[in-house]
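Student: Data file data39.cif (mmCIF, C-alpha atoms) is appended below.
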data_data
#
loop_
_atom_site.group_PDB
_atom_site.id
_atom_site.type_symbol
_atom_site.label_atom_id
_atom_site.label_comp_id
_atom_site.auth_asym_id
_atom_site.auth_seq_id
_atom_site.Cartn_x
_atom_site.Cartn_y
_atom_site.Cartn_z
ATOM 1 C CA MET A 1 21.412 69.377 -85.775
ATOM 2 C CA THR A 2 18.555 71.693 -84.779
ATOM 3 C CA THR A 3 18.562 73.762 -81.629
ATOM 4 C CA THR A 4 15.656 71.729 -80.223
ATOM 5 C CA GLU A 5 17.516 68.423 -80.177
ATOM 6 C CA THR A 6 18.831 67.395 -76.778
ATOM 7 C CA ALA A 7 21.082 64.378 -77.036
ATOM 8 C CA TRP A 8 23.275 64.632 -73.938
ATOM 9 C CA ALA A 9 22.114 62.567 -70.971
ATOM 10 C CA ILE A 10 23.955 63.407 -67.741
ATOM 11 C CA PRO A 11 23.783 60.670 -65.041
ATOM 12 C CA GLN A 12 23.423 63.161 -62.180
ATOM 13 C CA VAL A 13 20.351 64.763 -63.817
ATOM 14 C CA SER A 14 18.318 61.782 -64.899
ATOM 15 C CA ASP A 15 15.132 63.631 -65.824
ATOM 16 C CA ARG A 16 16.638 65.915 -68.500
ATOM 17 C CA ARG A 17 18.773 65.914 -71.620
ATOM 18 C CA PHE A 18 20.892 68.768 -72.894
ATOM 19 C CA GLY A 19 21.835 70.150 -76.283
ATOM 20 C CA ALA A 20 25.202 71.914 -75.941
ATOM 21 C CA ALA A 21 28.354 72.060 -73.816
ATOM 22 C CA LEU A 22 30.018 75.370 -72.968
ATOM 23 C CA PHE A 23 33.409 74.599 -71.467
ATOM 24 C CA ASP A 24 35.757 76.794 -69.541
ATOM 25 C CA LEU A 25 39.315 75.888 -70.560
ATOM 26 C CA ASP A 26 41.918 76.232 -67.821
ATOM 27 C CA GLY A 27 41.231 73.667 -65.119
ATOM 28 C CA VAL A 28 38.305 72.127 -67.013
ATOM 29 C CA LEU A 29 39.762 70.789 -70.269
ATOM 30 C CA THR A 30 43.447 71.270 -69.488
ATOM 31 C CA PRO A 31 45.509 71.537 -66.297
ATOM 32 C CA THR A 32 46.711 74.976 -67.335
ATOM 33 C CA ALA A 33 44.976 76.378 -64.253
ATOM 34 C CA GLU A 34 47.986 75.090 -62.315
ATOM 35 C CA VAL A 35 50.339 76.960 -64.662
ATOM 36 C CA HIS A 36 48.242 80.113 -64.317
ATOM 37 C CA MET A 37 48.210 79.654 -60.555
ATOM 38 C CA HIS A 38 51.991 79.418 -60.356
ATOM 39 C CA ALA A 39 52.488 82.385 -62.696
ATOM 40 C CA TRP A 40 50.144 84.549 -60.611
ATOM 41 C CA LYS A 41 51.908 83.508 -57.407
ATOM 42 C CA ARG A 42 55.330 84.344 -58.800
ATOM 43 C CA MET A 43 54.225 87.741 -60.108
ATOM 44 C CA PHE A 44 52.383 88.827 -56.940
ATOM 45 C CA THR A 45 55.068 87.439 -54.628
ATOM 46 C CA ASP A 46 57.709 89.422 -56.507
ATOM 47 C CA TYR A 47 55.615 92.588 -56.338
ATOM 48 C CA PHE A 48 54.546 92.184 -52.697
ATOM 49 C CA THR A 49 58.108 91.427 -51.584
ATOM 50 C CA ALA A 50 59.536 94.423 -53.436
ATOM 51 C CA HIS A 51 56.973 96.746 -51.844
ATOM 52 C CA ASP A 52 56.730 95.169 -48.366
ATOM 53 C CA VAL A 53 53.073 94.311 -48.902
ATOM 54 C CA THR A 54 51.450 92.102 -46.279
ATOM 55 C CA PRO A 55 49.993 89.610 -45.859
ATOM 56 C CA ALA A 56 51.988 87.540 -48.341
ATOM 57 C CA TYR A 57 50.237 86.185 -51.440
ATOM 58 C CA THR A 58 48.782 82.680 -50.994
ATOM 59 C CA ASP A 59 46.890 80.120 -53.052
ATOM 60 C CA GLU A 60 43.716 81.254 -51.285
ATOM 61 C CA ASP A 61 44.175 84.654 -52.934
ATOM 62 C CA TYR A 62 44.167 82.942 -56.323
ATOM 63 C CA PHE A 63 40.785 81.298 -55.740
ATOM 64 C CA ALA A 64 39.263 84.360 -54.065
ATOM 65 C CA PHE A 65 40.429 87.149 -56.364
ATOM 66 C CA VAL A 66 41.950 85.851 -59.588
ATOM 67 C CA ASP A 67 40.640 82.474 -60.727
ATOM 68 C CA GLY A 68 38.447 82.655 -63.827
ATOM 69 C CA LYS A 69 38.448 86.424 -64.156
ATOM 70 C CA PRO A 70 39.839 88.511 -67.009
ATOM 71 C CA ARG A 71 43.525 89.082 -66.337
ATOM 72 C CA TYR A 72 43.461 92.766 -65.431
ATOM 73 C CA ASP A 73 40.358 92.293 -63.269
ATOM 74 C CA GLY A 74 42.313 89.695 -61.299
ATOM 75 C CA VAL A 75 45.246 92.068 -60.794
ATOM 76 C CA ARG A 76 42.937 94.851 -59.672
ATOM 77 C CA ALA A 77 40.960 92.655 -57.264
ATOM 78 C CA CYS A 78 44.008 91.130 -55.584
ATOM 79 C CA LEU A 79 45.713 94.492 -55.167
ATOM 80 C CA ALA A 80 42.496 95.933 -53.707
ATOM 81 C CA SER A 81 42.491 93.147 -51.107
ATOM 82 C CA ARG A 82 45.719 94.681 -49.798
ATOM 83 C CA GLY A 83 44.431 98.250 -50.052
ATOM 84 C CA ILE A 84 46.549 98.977 -53.138
ATOM 85 C CA THR A 85 45.369 101.013 -56.110
ATOM 86 C CA LEU A 86 47.602 101.365 -59.165
ATOM 87 C CA PRO A 87 47.086 103.321 -62.379
ATOM 88 C CA GLU A 88 45.240 101.253 -64.961
ATOM 89 C CA GLY A 89 47.900 101.769 -67.619
ATOM 90 C CA ASP A 90 47.487 100.344 -71.108
ATOM 91 C CA PRO A 91 47.533 96.790 -72.507
ATOM 92 C CA THR A 92 50.713 97.755 -74.371
ATOM 93 C CA ASP A 93 52.567 98.451 -71.087
ATOM 94 C CA ALA A 94 55.828 96.559 -70.764
ATOM 95 C CA ALA A 95 55.679 93.576 -68.433
ATOM 96 C CA GLY A 96 56.431 94.694 -64.884
ATOM 97 C CA THR A 97 55.399 98.323 -65.345
ATOM 98 C CA GLU A 98 53.741 99.387 -62.100
ATOM 99 C CA THR A 99 50.281 99.581 -63.559
ATOM 100 C CA VAL A 100 47.407 97.093 -63.540
ATOM 101 C CA CYS A 101 48.182 96.238 -67.156
ATOM 102 C CA GLY A 102 51.927 96.029 -66.583
ATOM 103 C CA LEU A 103 51.574 93.528 -63.746
ATOM 104 C CA GLY A 104 49.036 91.528 -65.735
ATOM 105 C CA ASN A 105 51.401 91.417 -68.691
ATOM 106 C CA ALA A 106 54.234 90.197 -66.456
ATOM 107 C CA LYS A 107 52.045 87.307 -65.314
ATOM 108 C CA ASN A 108 51.123 86.520 -68.918
ATOM 109 C CA ASP A 109 54.774 86.387 -69.985
ATOM 110 C CA MET A 110 55.493 83.882 -67.212
ATOM 111 C CA PHE A 111 52.544 81.727 -68.306
ATOM 112 C CA ALA A 112 53.484 81.857 -71.987
ATOM 113 C CA ALA A 113 57.069 80.801 -71.234
ATOM 114 C CA VAL A 114 55.912 77.670 -69.390
ATOM 115 C CA LEU A 115 53.407 76.786 -72.119
ATOM 116 C CA ARG A 116 56.068 77.218 -74.806
ATOM 117 C CA ASP A 117 58.761 75.272 -72.984
ATOM 118 C CA GLU A 118 56.735 72.466 -71.436
ATOM 119 C CA GLY A 119 53.516 72.185 -73.472
ATOM 120 C CA ILE A 120 50.273 70.929 -71.958
ATOM 121 C CA ALA A 121 48.267 67.704 -72.032
ATOM 122 C CA PRO A 122 44.467 67.716 -71.627
ATOM 123 C CA TYR A 123 42.734 65.834 -68.835
ATOM 124 C CA PRO A 124 41.926 62.302 -70.091
ATOM 125 C CA GLY A 125 38.394 62.497 -68.687
ATOM 126 C CA SER A 126 37.806 65.747 -70.533
ATOM 127 C CA VAL A 127 38.955 64.211 -73.812
ATOM 128 C CA ALA A 128 36.623 61.256 -73.203
ATOM 129 C CA LEU A 129 33.674 63.617 -72.735
ATOM 130 C CA ILE A 130 34.571 65.673 -75.811
ATOM 131 C CA ASP A 131 34.741 62.498 -77.905
ATOM 132 C CA HIS A 132 31.419 61.325 -76.457
ATOM 133 C CA LEU A 133 29.644 64.604 -77.225
ATOM 134 C CA LYS A 134 31.154 64.759 -80.689
ATOM 135 C CA ALA A 135 29.811 61.274 -81.436
ATOM 136 C CA LEU A 136 26.364 62.399 -80.282
ATOM 137 C CA GLY A 137 26.517 65.522 -82.448
ATOM 138 C CA VAL A 138 26.235 67.836 -79.432
ATOM 139 C CA PRO A 139 27.711 71.260 -80.284
ATOM 140 C CA MET A 140 30.526 72.516 -78.061
ATOM 141 C CA ALA A 141 32.274 75.828 -77.405
ATOM 142 C CA VAL A 142 35.099 77.068 -75.210
ATOM 143 C CA VAL A 143 34.464 80.135 -73.053
ATOM 144 C CA SER A 144 37.621 81.382 -71.353
ATOM 145 C CA SER A 145 38.673 84.604 -69.695
ATOM 146 C CA SER A 146 42.216 83.936 -70.877
ATOM 147 C CA ARG A 147 43.527 85.648 -73.996
ATOM 148 C CA ASN A 148 45.735 82.596 -74.494
ATOM 149 C CA ALA A 149 42.881 80.170 -75.198
ATOM 150 C CA PRO A 150 43.714 79.477 -78.886
ATOM 151 C CA GLU A 151 47.355 78.779 -78.022
ATOM 152 C CA VAL A 152 46.397 76.493 -75.132
ATOM 153 C CA LEU A 153 43.893 74.567 -77.263
ATOM 154 C CA ALA A 154 46.501 74.123 -79.998
ATOM 155 C CA ALA A 155 49.196 73.035 -77.532
ATOM 156 C CA ALA A 156 46.794 70.475 -76.044
ATOM 157 C CA GLY A 157 45.709 69.181 -79.471
ATOM 158 C CA LEU A 158 42.094 70.187 -78.876
ATOM 159 C CA ASP A 159 41.724 73.119 -81.254
ATOM 160 C CA HIS A 160 40.097 71.061 -84.032
ATOM 161 C CA HIS A 161 37.152 70.229 -81.742
ATOM 162 C CA PHE A 162 36.074 73.833 -81.201
ATOM 163 C CA GLU A 163 35.005 76.167 -83.985
ATOM 164 C CA ILE A 164 33.556 78.565 -81.405
ATOM 165 C CA VAL A 165 35.981 80.043 -78.870
ATOM 166 C CA VAL A 166 34.889 83.069 -76.865
ATOM 167 C CA ASP A 167 38.028 84.111 -74.995
ATOM 168 C CA GLY A 168 39.431 87.197 -73.336
ATOM 169 C CA ALA A 169 40.545 88.657 -76.651
ATOM 170 C CA VAL A 170 37.045 88.294 -78.134
ATOM 171 C CA ALA A 171 35.488 89.798 -75.000
ATOM 172 C CA ALA A 172 37.839 92.790 -75.132
ATOM 173 C CA ARG A 173 37.307 93.298 -78.871
ATOM 174 C CA ASP A 174 33.521 93.138 -78.664
ATOM 175 C CA LYS A 175 33.282 94.815 -75.248
ATOM 176 C CA ILE A 176 31.583 91.797 -73.668
ATOM 177 C CA PRO A 177 31.595 91.821 -69.850
ATOM 178 C CA GLY A 178 33.748 89.044 -68.437
ATOM 179 C CA LYS A 179 32.946 86.461 -65.789
ATOM 180 C CA PRO A 180 31.221 86.517 -63.297
ATOM 181 C CA ALA A 181 28.810 88.174 -65.743
ATOM 182 C CA PRO A 182 27.079 85.575 -67.958
ATOM 183 C CA ASP A 183 27.638 87.458 -71.223
ATOM 184 C CA THR A 184 30.536 85.442 -72.667
ATOM 185 C CA TYR A 185 28.634 82.203 -72.135
ATOM 186 C CA GLN A 186 25.529 83.763 -73.646
ATOM 187 C CA ARG A 187 27.544 84.808 -76.693
ATOM 188 C CA ALA A 188 28.871 81.263 -77.137
ATOM 189 C CA ALA A 189 25.377 79.750 -76.960
ATOM 190 C CA ALA A 190 24.145 82.274 -79.522
ATOM 191 C CA LEU A 191 27.050 81.488 -81.873
ATOM 192 C CA LEU A 192 26.235 77.776 -81.577
ATOM 193 C CA GLY A 193 22.588 78.529 -82.343
ATOM 194 C CA VAL A 194 21.468 76.827 -79.129
ATOM 195 C CA PRO A 195 19.017 78.265 -76.571
ATOM 196 C CA GLN A 196 20.643 79.011 -73.227
ATOM 197 C CA GLU A 197 18.225 76.696 -71.438
ATOM 198 C CA ALA A 198 19.523 73.752 -73.486
ATOM 199 C CA ALA A 199 23.199 74.487 -72.780
ATOM 200 C CA VAL A 200 25.411 73.213 -69.968
ATOM 201 C CA VAL A 201 28.086 75.467 -68.474
ATOM 202 C CA VAL A 202 31.128 73.533 -67.203
ATOM 203 C CA GLU A 203 33.396 75.507 -64.859
ATOM 204 C CA ASP A 204 36.017 75.102 -62.136
ATOM 205 C CA ALA A 205 36.161 78.697 -60.853
ATOM 206 C CA PHE A 206 33.871 80.610 -58.503
ATOM 207 C CA SER A 207 33.534 83.433 -61.030
ATOM 208 C CA GLY A 208 32.660 80.885 -63.714
ATOM 209 C CA VAL A 209 29.867 79.107 -61.844
ATOM 210 C CA GLN A 210 28.593 82.540 -60.826
ATOM 211 C CA ALA A 211 28.475 83.428 -64.527
ATOM 212 C CA GLY A 212 26.541 80.267 -65.285
ATOM 213 C CA ALA A 213 24.093 80.869 -62.452
ATOM 214 C CA ALA A 214 23.523 84.448 -63.637
ATOM 215 C CA GLY A 215 22.344 83.253 -67.063
ATOM 216 C CA ASP A 216 19.357 81.180 -68.077
ATOM 217 C CA PHE A 217 21.377 78.021 -68.722
ATOM 218 C CA GLY A 218 20.081 74.493 -68.436
ATOM 219 C CA LEU A 219 22.713 73.335 -65.966
ATOM 220 C CA VAL A 220 25.855 74.645 -64.280
ATOM 221 C CA VAL A 221 28.458 71.958 -63.587
ATOM 222 C CA GLY A 222 31.253 72.730 -61.168
ATOM 223 C CA VAL A 223 34.503 70.803 -61.591
ATOM 224 C CA ASP A 224 36.383 70.582 -58.315
ATOM 225 C CA ARG A 225 40.070 70.980 -59.123
ATOM 226 C CA GLY A 226 40.829 72.458 -55.707
ATOM 227 C CA ALA A 227 38.276 75.204 -55.170
ATOM 228 C CA GLY A 228 36.065 72.902 -53.069
ATOM 229 C CA ALA A 229 32.772 71.206 -53.892
ATOM 230 C CA GLU A 230 30.709 73.042 -51.279
ATOM 231 C CA GLU A 231 32.165 76.374 -52.308
ATOM 232 C CA LEU A 232 31.329 75.718 -55.977
ATOM 233 C CA LEU A 233 27.764 74.803 -55.019
ATOM 234 C CA ASP A 234 27.496 77.913 -52.852
ATOM 235 C CA ASN A 235 28.617 80.069 -55.777
ATOM 236 C CA GLY A 236 26.093 78.733 -58.264
ATOM 237 C CA ALA A 237 26.932 75.208 -59.436
ATOM 238 C CA ASP A 238 23.972 72.844 -59.715
ATOM 239 C CA ILE A 239 26.145 69.736 -59.442
ATOM 240 C CA VAL A 240 29.863 69.167 -58.818
ATOM 241 C CA VAL A 241 32.146 66.482 -60.261
ATOM 242 C CA ASP A 242 35.836 65.748 -59.786
ATOM 243 C CA ASP A 243 36.376 64.733 -63.430
ATOM 244 C CA LEU A 244 34.453 65.310 -66.645
ATOM 245 C CA ALA A 245 34.272 61.570 -67.305
ATOM 246 C CA GLU A 246 31.553 61.540 -64.628
ATOM 247 C CA LEU A 247 29.306 63.408 -67.096
ATOM 248 C CA LEU A 248 29.283 60.606 -69.655
ATOM 249 C CA GLY A 249 25.725 59.499 -70.283
#
Show me, as structure tokens, the structure contained in the file I just sent.
Tutor:
Amino acid sequence: MTTTETAWAIPQVSDRRFGAALFDLDGVLTPTAEVHMHAWKRMFTDYFTAHDVTPAYTDEDYFAFVDGKPRYDGVRACLASRGITLPEGDPTDAAGTETVCGLGNAKNDMFAAVLRDEGIAPYPGSVALIDHLKALGVPMAVVSSSRNAPEVLAAAGLDHHFEIVVDGAVAARDKIPGKPAPDTYQRAAALLGVPQEAAVVVEDAFSGVQAGAAGDFGLVVGVDRGAGAEELLDNGADIVVDDLAELLG
């Protein structure tokens, strides 16, 4: 398939066709966003309670400060919302060490335990869209801030669909700015050999649709898994759907 072919017709955008899909993972292809959300809440609640931090951590904090961002950026942003600054520490810090990295690692351990013990099933509508795009020959990539993306894809049985995965580990290794910067999505489009203007970014997080809007992508699709349709539009989505099956042409 050449980079000029555009085979994907999206019902909500009837006057255009697109040539690639760049998917966020957690909350877009799999319901792991809920697992992440619970792990963040447990970690911050434990920390805030131990240190008498107010106000208490809520789900609104997740959407405002954490969702879609690289892990340590999420820790830093949420702590800053309470006027707290901790030493940065090092990614090798033991989980629970009172550093940005230590708290982030504690959250990651909680997430990994749930994934290992309970597994994860992809959204049926997302699988339907993946199958549809694969039949059309439309190239696809996963772009995730999580460093757990390969494990999540394998647990969900989706890993064989995606040769290109630009995740938090790749971003850290190659020093690529994370979301809301567009760079990880731009890297994925380049690896697919597809011009940005032919690619569709599919995201459920504010930071993710902001990343899509900041690049020269053909379309930014917001997936409303709880963040709110209007809020996703306000942050850069061109259209919003509740399920990826709505994007079947």
Student: I want to know what sits within 12 Å of A:Val194, based on all atoms listed in the file, with residues of the same chain fewer than 5 positions away left out; could you give that as a list of chain:residue names?
Tutor: A:Met1, A:Thr2, A:Thr3, A:Thr4, A:Glu5, A:Thr6, A:Phe18, A:Gly19, A:Ala20, A:Ala21, A:Leu22, A:Val138, A:Pro139, A:Met140, A:Ala141, A:Tyr185, A:Gln186, A:Arg187, A:Ala188, A:Ala189, A:Ala199, A:Val200, A:Phe217, A:Gly218
Student: Could you jot down the atom CA of A:Ala181 to atom CA of A:Gly104 separation for me, Å, one decimal place?
Tutor: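 Atom-to-atom, atom CA of A:Ala181 and atom CA of A:Gly104 are spaced 20.5 Å apart.
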Student: Evaluate the PyMOL selection byres ((chain A and resi 25) around 8) and record the selected residues as a list in words, following the chain and residue labels used in the document.
Tutor: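 Applied to this file, the PyMOL selection byres ((chain A and resi 25) around 8) returns Phe23, Asp24, Asp26, Gly27, Val28, Leu29, Thr30, Val142, Val143, Ser144 and Ala149 of chain A.
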Student: Please evaluate the PyMOL selection byres ((chain A and resi 112) around 10) against the displayed coordinates and give the resulting residues as a VMD selection string.
Tutor: chain A and resid 35 to 36 39 107 to 111 113 to 119 148 151 to 152
Student: Mind checking which residues fall within 7 Å of A:Pro180, counting only C-alpha atoms, ignoring those fewer than 6 positions away in the same chain, and posting them as a ChimeraX atom specification?
Tutor: /A:207-208,210-211
Student: Would you work out the distance separating atom CA of A:Asp242 from atom CA of A:Gln196, expressed in Å to one decimal?
Tutor: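 Computing it gives 24.2 Å between the two atoms.
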Student: What's around A:Ala213 at 9 Å? Count all atoms listed in the file, leave out sequence neighbours fewer than 6 positions away in its own chain, and write the answer as a VMD selection string.
Tutor: chain A and resid 182 219 to 220 235 to 238
Student: Extract, using only C-alpha atoms, all DNA, RNA and protein residues at most 12 Å from A:Lys175, discarding same-chain residues fewer than 5 positions from it, and format them as number ranges by chain.
Tutor: A: 166-170, 183-184, 187
Student: Just give me the gap between atom CA of A:Leu232 and atom CA of A:Asp46 in Å, one decimal is fine.
Tutor: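 Rounded to one decimal, the two atoms are 29.7 Å apart.
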Student: Excluding A:Leu248 and its own-chain neighbours fewer than 6 positions away, which residues fall within 8 Å of it when counting only C-alpha atoms? Please give them as number ranges by chain.
Tutor: A: 9-11, 129, 132
Student: Given the PyMOL selection byres ((chain A and resi 162) around 10) and the file above, list the residues it selects as a ChimeraX atom specification.
Tutor: /A:130,139-142,150,153,158-161,163-165
Student: Between A:Ala33, A:Val75, A:Val100, A:Leu191, which has the minimum distance to A:Pro87 (counting all atoms listed in the file)?
Tutor: A:Val100
Student: Around all of stretch 232-249 of chain A's listed atoms, make the axis-aligned box with 5 Å on each side and tell me centre and edge lengths in Å to one decimal, as AutoDock Vina command-line options.
Tutor:
--center_x 30.2 --center_y 69.8 --center_z -61.6 --size_x 22.4 --size_y 30.6 --size_z 27.4
Student: Between A:Leu103, A:Ala227, A:Ala154, A:Leu247, which has the minimum distance to A:Phe48 (counting all atoms listed in the file)?
Tutor: A:Leu103
Student: Using all atoms listed in the file, which residue out of A:Ile84, A:Ala135, A:Val127, A:Val66 lies closest to A:Ala205?
Tutor: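 Closest to A:Ala205, using all atoms listed in the file: A:Val66.
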Student: Nearest to A:Glu230: which of A:Ala190, A:Ala214, A:Asp73, A:Phe206 is it, counting all atoms listed in the file?
Tutor: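 For A:Glu230, the nearest of the candidates is A:Phe206.
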Student: Please determine, counting only C-alpha atoms, which residue among A:Tyr72, A:Tyr57, A:Tyr62, A:Trp8 has the shortest atom-to-atom distance to A:Met37.
Tutor: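 Residue with the minimum atom-to-atom distance to A:Met37: A:Tyr62.
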Student: Can you find the residues with an atom no farther than 7 Å from (38.8, 85.5, -69.2), counting all atoms listed in the file, and report them as JSON, numbers by chain?
Tutor: {"A": [68, 69, 70, 71, 144, 145, 146, 147, 167, 168, 178, 179]}
Student: Can you spit out the residues from that selection as a compact mmCIF listing (two decimals), in the coordinates of the input, using C-alpha atoms?
Tutor:
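Output below, filename selection-v3.txt:
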# COMPACT_ATOMS: atom_id res chain seq x y z
CA GLY A 68 38.45 82.66 -63.83
CA LYS A 69 38.45 86.42 -64.16
CA PRO A 70 39.84 88.51 -67.01
CA ARG A 71 43.52 89.08 -66.34
CA SER A 144 37.62 81.38 -71.35
CA SER A 145 38.67 84.60 -69.69
CA SER A 146 42.22 83.94 -70.88
CA ARG A 147 43.53 85.65 -74.00
CA ASP A 167 38.03 84.11 -75.00
CA GLY A 168 39.43 87.20 -73.34
CA GLY A 178 33.75 89.04 -68.44
CA LYS A 179 32.95 86.46 -65.79
Student: Please rebuild stretch 187-199 of chain A with N, CA, C and O atoms and give the result as a PDB file, in the frame of the given file.
Tutor:
ATOM      1  N   ARG A 187      27.059  84.620 -75.325  1.00  0.00           N
ATOM      2  CA  ARG A 187      27.544  84.808 -76.693  1.00  0.00           C
ATOM      3  C   ARG A 187      27.873  83.459 -77.340  1.00  0.00           C
ATOM      4  O   ARG A 187      27.536  83.215 -78.500  1.00  0.00           O
ATOM      5  N   ALA A 188      28.515  82.576 -76.586  1.00  0.00           N
ATOM      6  CA  ALA A 188      28.871  81.263 -77.137  1.00  0.00           C
ATOM      7  C   ALA A 188      27.629  80.464 -77.515  1.00  0.00           C
ATOM      8  O   ALA A 188      27.570  79.845 -78.586  1.00  0.00           O
ATOM      9  N   ALA A 189      26.611  80.470 -76.645  1.00  0.00           N
ATOM     10  CA  ALA A 189      25.377  79.750 -76.960  1.00  0.00           C
ATOM     11  C   ALA A 189      24.732  80.320 -78.216  1.00  0.00           C
ATOM     12  O   ALA A 189      24.262  79.567 -79.083  1.00  0.00           O
ATOM     13  N   ALA A 190      24.728  81.640 -78.339  1.00  0.00           N
ATOM     14  CA  ALA A 190      24.145  82.274 -79.522  1.00  0.00           C
ATOM     15  C   ALA A 190      24.910  81.887 -80.784  1.00  0.00           C
ATOM     16  O   ALA A 190      24.308  81.613 -81.829  1.00  0.00           O
ATOM     17  N   LEU A 191      26.239  81.852 -80.708  1.00  0.00           N
ATOM     18  CA  LEU A 191      27.050  81.488 -81.873  1.00  0.00           C
ATOM     19  C   LEU A 191      26.833  80.024 -82.265  1.00  0.00           C
ATOM     20  O   LEU A 191      26.927  79.671 -83.441  1.00  0.00           O
ATOM     21  N   LEU A 192      26.540  79.174 -81.277  1.00  0.00           N
ATOM     22  CA  LEU A 192      26.235  77.776 -81.577  1.00  0.00           C
ATOM     23  C   LEU A 192      24.817  77.609 -82.113  1.00  0.00           C
ATOM     24  O   LEU A 192      24.474  76.552 -82.650  1.00  0.00           O
ATOM     25  N   GLY A 193      23.979  78.638 -81.933  1.00  0.00           N
ATOM     26  CA  GLY A 193      22.588  78.529 -82.343  1.00  0.00           C
ATOM     27  C   GLY A 193      21.760  77.681 -81.411  1.00  0.00           C
ATOM     28  O   GLY A 193      20.784  77.051 -81.815  1.00  0.00           O
ATOM     29  N   VAL A 194      22.126  77.670 -80.123  1.00  0.00           N
ATOM     30  CA  VAL A 194      21.468  76.827 -79.129  1.00  0.00           C
ATOM     31  C   VAL A 194      20.850  77.719 -78.049  1.00  0.00           C
ATOM     32  O   VAL A 194      21.519  78.623 -77.541  1.00  0.00           O
ATOM     33  N   PRO A 195      19.603  77.493 -77.670  1.00  0.00           N
ATOM     34  CA  PRO A 195      19.017  78.265 -76.571  1.00  0.00           C
ATOM     35  C   PRO A 195      19.801  78.063 -75.282  1.00  0.00           C
ATOM     36  O   PRO A 195      20.288  76.964 -75.008  1.00  0.00           O
ATOM     37  N   GLN A 196      19.897  79.120 -74.488  1.00  0.00           N
ATOM     38  CA  GLN A 196      20.643  79.011 -73.227  1.00  0.00           C
ATOM     39  C   GLN A 196      20.122  77.874 -72.359  1.00  0.00           C
ATOM     40  O   GLN A 196      20.893  77.158 -71.722  1.00  0.00           O
ATOM     41  N   GLU A 197      18.808  77.703 -72.335  1.00  0.00           N
ATOM     42  CA  GLU A 197      18.225  76.696 -71.438  1.00  0.00           C
ATOM     43  C   GLU A 197      18.553  75.272 -71.855  1.00  0.00           C
ATOM     44  O   GLU A 197      18.323  74.331 -71.087  1.00  0.00           O
ATOM     45  N   ALA A 198      19.098  75.093 -73.051  1.00  0.00           N
ATOM     46  CA  ALA A 198      19.523  73.752 -73.486  1.00  0.00           C
ATOM     47  C   ALA A 198      21.008  73.527 -73.279  1.00  0.00           C
ATOM     48  O   ALA A 198      21.501  72.413 -73.497  1.00  0.00           O
ATOM     49  N   ALA A 199      21.740  74.554 -72.857  1.00  0.00           N
ATOM     50  CA  ALA A 199      23.199  74.487 -72.780  1.00  0.00           C
ATOM     51  C   ALA A 199      23.671  74.242 -71.352  1.00  0.00           C
ATOM     52  O   ALA A 199      23.077  74.720 -70.385  1.00  0.00           O
TER      53      ALA A 199
END
